[in-house]
Amino acid sequence: MLIRKPADLRYSDVTPKEVYLNRRTFIGAGAATLGALALPSVSLATTKINSLVQTGPYHHLGNDNPSPKATVTGYNNFYEFGTGKEDPAQNAPKWKVPAEWNIRIEGEVMQPKTLSLDQVMKLAPAEERIYRHRCVERWSIVVPWIGFSLSTLLKQVQPTGKAKYVAFETYYDPKSMLSPREAGIPFPYVEGLRLDEAMHPLTLLSFGMYGETMPNQNGAPIRLVVPWKYGYKSIKSIARIRFVEKQPPTDWGMYASNEYGFYSNVNPEVDHPRWSQKIEQRLGSGFLGQGAQMPTVKFNGYGEQVASLYSGMDLRVNH
Amino acid sequence: MNRFLSSKWTKLALFLLSLVPLGILLWLVWQAYSTGNPTEYVSANPIEYITHYTGDWTIRFICFTLCITPLRLLLNQPKITGFRRMLGLFAFFYGCLHLSAWIFLDPRQNTIAAIWEDIVKRRYITVGMLAFVAMVPLAITSTAGWVRRLTFKRWKRLHRLIYLTAIAAVIHYYWLVKSDVRLPLMYAAIVAILLVYRIVVWMRKRNASAPRAPQPTVSVG
């Protein structure tokens, strides 16, 4: 168990990166220019996160090296910002993360709650978790996320006996994001986990990576990371969490349920209809950063931690 | 116009122009390698980047090739046909690069069996292979000697396989994208226009020549 220290990190504690990098210029600028300087918006750049816990049972399971930051921040899926994999890095930084970010937790709970980002981040010390991340498209990366177990947040509300699943919803702003017609999938993006999956300590609520706050394209300001499932289960930019009785719809599942099942556990034995899942491309190393091809491991190598959640289930049917 | 279209310099210029996409790709790979900053040039997933890049240029050159006949008829410039073979061979060339990238670089078990399994099991690959295989006899019989050997009539009939390639290539693209079908639909529209144009020309000609004595047919290849 982690020995909890009093939460000492606040979102407002961190200094915007461009400010501390340019502190000398900033100080030397003088009073005349000072008045004209607008404070940089927090959403424009990531900021350093201090007092990071780099120990604990889930800090680093395995011996994979984190992927280069340029790989992780320059190539991913975030369809709200474009369907090409370099589109999010291009378009998301222009998006201004709302200063007042609230997460609504509701549904089958005794007392629904709305927590601000600051309140959420104060719930527990920020931990670094170095997780393998496997995309359904066969590429994979290793990411040093920052956050704490989602269960810490979920324990803030008392679920009723009816709560069997947890449904998540991504923030959606039609003005700065693609329309569902353009992206081909429904927005706001929704995902879901079974309650025991959501409460599993590996399931991470993450608000940063590489020692800094979350870049917009990777799901700022706060997102989910479920390392034993394909990447699209790890919903980004969370706006709403709902405890529900029935299995909630998932975005890619609504698009094609035969291709993207509810569980979506990483599994080399279950093909995607359009490709085999036996091999993955671990990006970031090599001649062009193309990485290495390696066998995909069931549950993305986290079987020891999570396989028991699925005992007795046919994972070919419940893929 | 005629002199321009039949000049060997025009042909050479088009040849070099057709090599530009390959040149750009080689430059990108070189920059990615030499700067040590590959994500800026070939994305963080260069294998996927190269596969998509060569695939894009294959379908573009298929469209360019299909443009020749409509252009010839619309501009009334028979000499334009002189560029068709080169464009068709470039479609085949980029198709070879695309197929090679998929065979040798795609993340999969390194066995012939795994490649074969993909071809027969995944419909987007099946139809993509069909598009490629249909181009092979066209590339082989692209020489003047083969036109003579087959007779022009049969050669022309054989080369209608390019329509199959174009349709299969569009379906390949449509089936392979995840959910955003805007680009595949754009190519579908282009190919549809180019093929419908031929059907219209063919029907008009048939109607015009029906009541009269048979006339020498105009090539719509």
# chains A, B, ... in the order shown; residues from 1 in each chain; ligands from 1
call {"tool": "residues_around", "arguments": {"residues": "Asp271 of chain A", "least_positions_apart": "6", "cutoff": "10 Å", "atoms": "only C-alpha atoms", "output": "list in words"}}
result
Val136, Glu259, Gln277, Lys278, Arg316 and His319 of chain A
call {"tool": "write_last_selection", "arguments": {"atoms": "N, CA and C atoms", "output": "tab-separated table (two decimals), in the first residue's frame"}}
result
chain	number	residue	atom	x	y	z
A	136	VAL	N	-5.53	-0.39	-30.77
A	136	VAL	CA	-6.18	-1.45	-31.54
A	136	VAL	C	-5.59	-1.53	-32.96
A	259	GLU	N	-16.26	-5.03	-34.34
A	259	GLU	CA	-14.84	-4.66	-34.35
A	259	GLU	C	-14.37	-4.18	-32.99
A	277	GLN	N	-4.07	-9.41	-34.37
A	277	GLN	CA	-3.55	-8.65	-33.22
A	277	GLN	C	-2.34	-9.34	-32.59
A	278	LYS	N	-1.77	-10.33	-33.30
A	278	LYS	CA	-0.68	-11.11	-32.70
A	278	LYS	C	0.61	-10.31	-32.49
A	316	ARG	N	-13.23	-14.65	-26.07
A	316	ARG	CA	-13.42	-14.56	-27.51
A	316	ARG	C	-14.81	-14.02	-27.82
A	319	HIS	N	-15.24	-10.03	-26.32
A	319	HIS	CA	-13.98	-9.40	-26.70
A	319	HIS	C	-14.07	-7.89	-26.54
call {"tool": "interface_residues", "arguments": {"of": "chain B", "to": "chain A", "cutoff": "10 Å", "atoms": "only C-alpha atoms", "output": "PyMOL selection string"}}
result
chain B and resi 29-34+36-49+105-110+114+117-118+121-125+175-182
call {"tool": "write_last_selection", "arguments": {"atoms": "N, CA and C atoms", "output": "compact mmCIF listing (two decimals), in the first residue's frame"}}
result
# COMPACT_ATOMS: atom_id res chain seq x y z
N VAL B 29 12.55 10.57 -45.81
CA VAL B 29 13.22 9.49 -45.08
C VAL B 29 14.64 9.94 -44.72
N TRP B 30 15.30 10.58 -45.67
CA TRP B 30 16.66 11.06 -45.42
C TRP B 30 16.68 12.09 -44.31
N GLN B 31 15.76 13.05 -44.35
CA GLN B 31 15.67 14.07 -43.32
C GLN B 31 15.39 13.43 -41.96
N ALA B 32 14.45 12.48 -41.96
CA ALA B 32 14.09 11.80 -40.71
C ALA B 32 15.31 11.13 -40.11
N TYR B 33 16.11 10.53 -40.98
CA TYR B 33 17.29 9.81 -40.52
C TYR B 33 18.39 10.78 -40.09
N SER B 34 18.67 11.79 -40.92
CA SER B 34 19.85 12.61 -40.69
C SER B 34 19.63 13.64 -39.59
N GLY B 36 17.73 13.15 -36.98
CA GLY B 36 17.46 12.47 -35.71
C GLY B 36 16.13 12.90 -35.11
N ASN B 37 15.29 13.49 -35.94
CA ASN B 37 13.99 13.98 -35.48
C ASN B 37 12.90 13.43 -36.40
N PRO B 38 12.78 12.09 -36.46
CA PRO B 38 11.94 11.48 -37.50
C PRO B 38 10.47 11.86 -37.46
N THR B 39 9.93 12.13 -36.25
CA THR B 39 8.49 12.39 -36.19
C THR B 39 8.09 13.61 -37.01
N GLU B 40 9.04 14.55 -37.20
CA GLU B 40 8.75 15.75 -37.97
C GLU B 40 8.54 15.43 -39.45
N TYR B 41 9.11 14.32 -39.91
CA TYR B 41 9.13 14.06 -41.35
C TYR B 41 8.27 12.87 -41.77
N VAL B 42 8.39 11.77 -41.04
CA VAL B 42 7.68 10.56 -41.46
C VAL B 42 6.70 10.09 -40.38
N SER B 43 6.29 10.98 -39.51
CA SER B 43 5.39 10.73 -38.38
C SER B 43 6.06 9.78 -37.38
N ALA B 44 5.37 9.54 -36.28
CA ALA B 44 5.93 8.64 -35.26
C ALA B 44 5.77 7.19 -35.68
N ASN B 45 5.03 6.96 -36.76
CA ASN B 45 4.83 5.60 -37.25
C ASN B 45 5.22 5.53 -38.72
N PRO B 46 6.54 5.52 -39.00
CA PRO B 46 7.01 5.63 -40.40
C PRO B 46 6.54 4.50 -41.30
N ILE B 47 6.34 3.31 -40.74
CA ILE B 47 5.89 2.20 -41.58
C ILE B 47 4.50 2.49 -42.13
N GLU B 48 3.63 2.93 -41.23
CA GLU B 48 2.28 3.30 -41.66
C GLU B 48 2.35 4.48 -42.63
N TYR B 49 3.22 5.44 -42.32
CA TYR B 49 3.34 6.63 -43.17
C TYR B 49 3.73 6.25 -44.59
N LEU B 105 7.05 -4.59 -44.37
CA LEU B 105 7.13 -3.73 -43.18
C LEU B 105 5.96 -3.86 -42.22
N ASP B 106 4.81 -4.27 -42.72
CA ASP B 106 3.59 -4.29 -41.89
C ASP B 106 3.80 -5.17 -40.66
N PRO B 107 3.30 -4.73 -39.49
CA PRO B 107 3.47 -5.56 -38.30
C PRO B 107 2.65 -6.86 -38.41
N ARG B 108 3.36 -7.94 -38.57
CA ARG B 108 2.68 -9.25 -38.67
C ARG B 108 3.74 -10.30 -38.49
N GLN B 109 3.32 -11.55 -38.27
CA GLN B 109 4.30 -12.61 -38.15
C GLN B 109 5.05 -12.75 -39.48
N ASN B 110 6.33 -13.02 -39.38
CA ASN B 110 7.17 -13.01 -40.58
C ASN B 110 7.11 -14.32 -41.36
N ALA B 114 1.36 -16.12 -42.93
CA ALA B 114 0.68 -14.98 -42.30
C ALA B 114 0.24 -13.97 -43.37
N GLU B 117 -2.71 -15.50 -45.15
CA GLU B 117 -3.89 -15.44 -44.29
C GLU B 117 -4.54 -14.05 -44.37
N ASP B 118 -3.69 -13.01 -44.33
CA ASP B 118 -4.21 -11.64 -44.44
C ASP B 118 -4.93 -11.44 -45.77
N LYS B 121 -8.22 -13.52 -45.69
CA LYS B 121 -9.13 -13.30 -44.57
C LYS B 121 -9.65 -11.87 -44.49
N ARG B 122 -8.83 -10.91 -44.91
CA ARG B 122 -9.20 -9.50 -44.73
C ARG B 122 -9.68 -8.96 -46.06
N ARG B 123 -10.96 -8.60 -46.11
CA ARG B 123 -11.53 -8.25 -47.41
C ARG B 123 -10.88 -7.01 -48.01
N TYR B 124 -10.41 -6.07 -47.18
CA TYR B 124 -9.80 -4.88 -47.78
C TYR B 124 -8.47 -5.22 -48.44
N ILE B 125 -7.80 -6.26 -47.88
CA ILE B 125 -6.55 -6.69 -48.50
C ILE B 125 -6.85 -7.52 -49.75
N TRP B 175 -12.78 0.42 -47.41
CA TRP B 175 -12.87 -0.62 -46.37
C TRP B 175 -11.77 -0.51 -45.32
N LEU B 176 -10.68 0.13 -45.67
CA LEU B 176 -9.56 0.12 -44.73
C LEU B 176 -9.61 1.26 -43.72
N VAL B 177 -10.24 2.39 -44.08
CA VAL B 177 -10.29 3.49 -43.12
C VAL B 177 -11.23 3.12 -41.98
N LYS B 178 -11.02 3.74 -40.82
CA LYS B 178 -11.80 3.34 -39.66
C LYS B 178 -13.21 3.91 -39.73
N SER B 179 -13.35 5.21 -39.72
CA SER B 179 -14.72 5.73 -39.72
C SER B 179 -14.86 6.99 -40.57
N ASP B 180 -13.75 7.67 -40.82
CA ASP B 180 -13.83 8.90 -41.60
C ASP B 180 -13.65 8.53 -43.07
N VAL B 181 -14.78 8.49 -43.81
CA VAL B 181 -14.72 7.99 -45.19
C VAL B 181 -14.67 9.13 -46.20
N ARG B 182 -14.35 10.33 -45.75
CA ARG B 182 -14.41 11.46 -46.68
C ARG B 182 -13.45 11.31 -47.85
call {"tool": "residues_around", "arguments": {"residues": "segment 64-73 of chain B", "least_positions_apart": "3", "cutoff": "9 Å", "atoms": "only C-alpha atoms", "output": "list in words"}}
result
Ile59, Arg60, Phe61, Asn76, Gln77, Pro78, Lys79, Ile80, Thr81, Phe83, Arg84, Arg85, Met86, Leu87, Gly88, Ala91, Ile162, Tyr163, Ala166, Val191, Leu194, Leu195, Tyr197, Arg198, Ser219, Val220 and Gly221 of chain B
call {"tool": "residues_around", "arguments": {"residues": "segment 129-139 of chain B", "least_positions_apart": "5", "cutoff": "8 Å", "atoms": "only C-alpha atoms", "output": "list in words"}}
result
Gly88, Leu89, Phe92, Gly95, Ile119, Leu158, His159, Leu161, Ile162, Leu164, Thr165, Ala166, Ile167, Ala168 and Ala169 of chain B
call {"tool": "write_last_selection", "arguments": {"atoms": "C-alpha atoms", "output": "compact mmCIF listing (two decimals), in the first residue's frame"}}
result
# COMPACT_ATOMS: atom_id res chain seq x y z
CA GLY B 88 -0.34 3.69 -66.15
CA LEU B 89 3.14 2.31 -65.55
CA PHE B 92 1.86 0.15 -61.31
CA GLY B 95 1.45 0.07 -56.50
CA ILE B 119 -4.90 -11.74 -48.18
CA LEU B 158 -7.53 -6.52 -72.03
CA HIS B 159 -6.62 -3.02 -70.91
CA LEU B 161 -8.95 -4.22 -66.66
CA ILE B 162 -7.84 -0.79 -65.43
CA LEU B 164 -11.53 -3.11 -62.37
CA THR B 165 -8.32 -1.87 -60.74
CA ALA B 166 -9.80 1.58 -60.16
CA ILE B 167 -13.02 0.27 -58.62
CA ALA B 168 -11.16 -2.29 -56.49
CA ALA B 169 -8.68 0.37 -55.33
call {"tool": "select_by_dssp", "arguments": {"residues": "segment 262-318 of chain A", "states": "alpha helix (DSSP H)", "output": "ChimeraX atom specification"}}
result
/A:303-306
call {"tool": "residues_around", "arguments": {"residues": "Ala126 of chain A", "least_positions_apart": "4", "cutoff": "8 Å", "atoms": "only C-alpha atoms", "output": "list of chain:residue names"}}
result
A:Leu9, A:Ser51, A:Leu52, A:Val53, A:Met121, A:Ile146, A:Gly147, A:Phe148
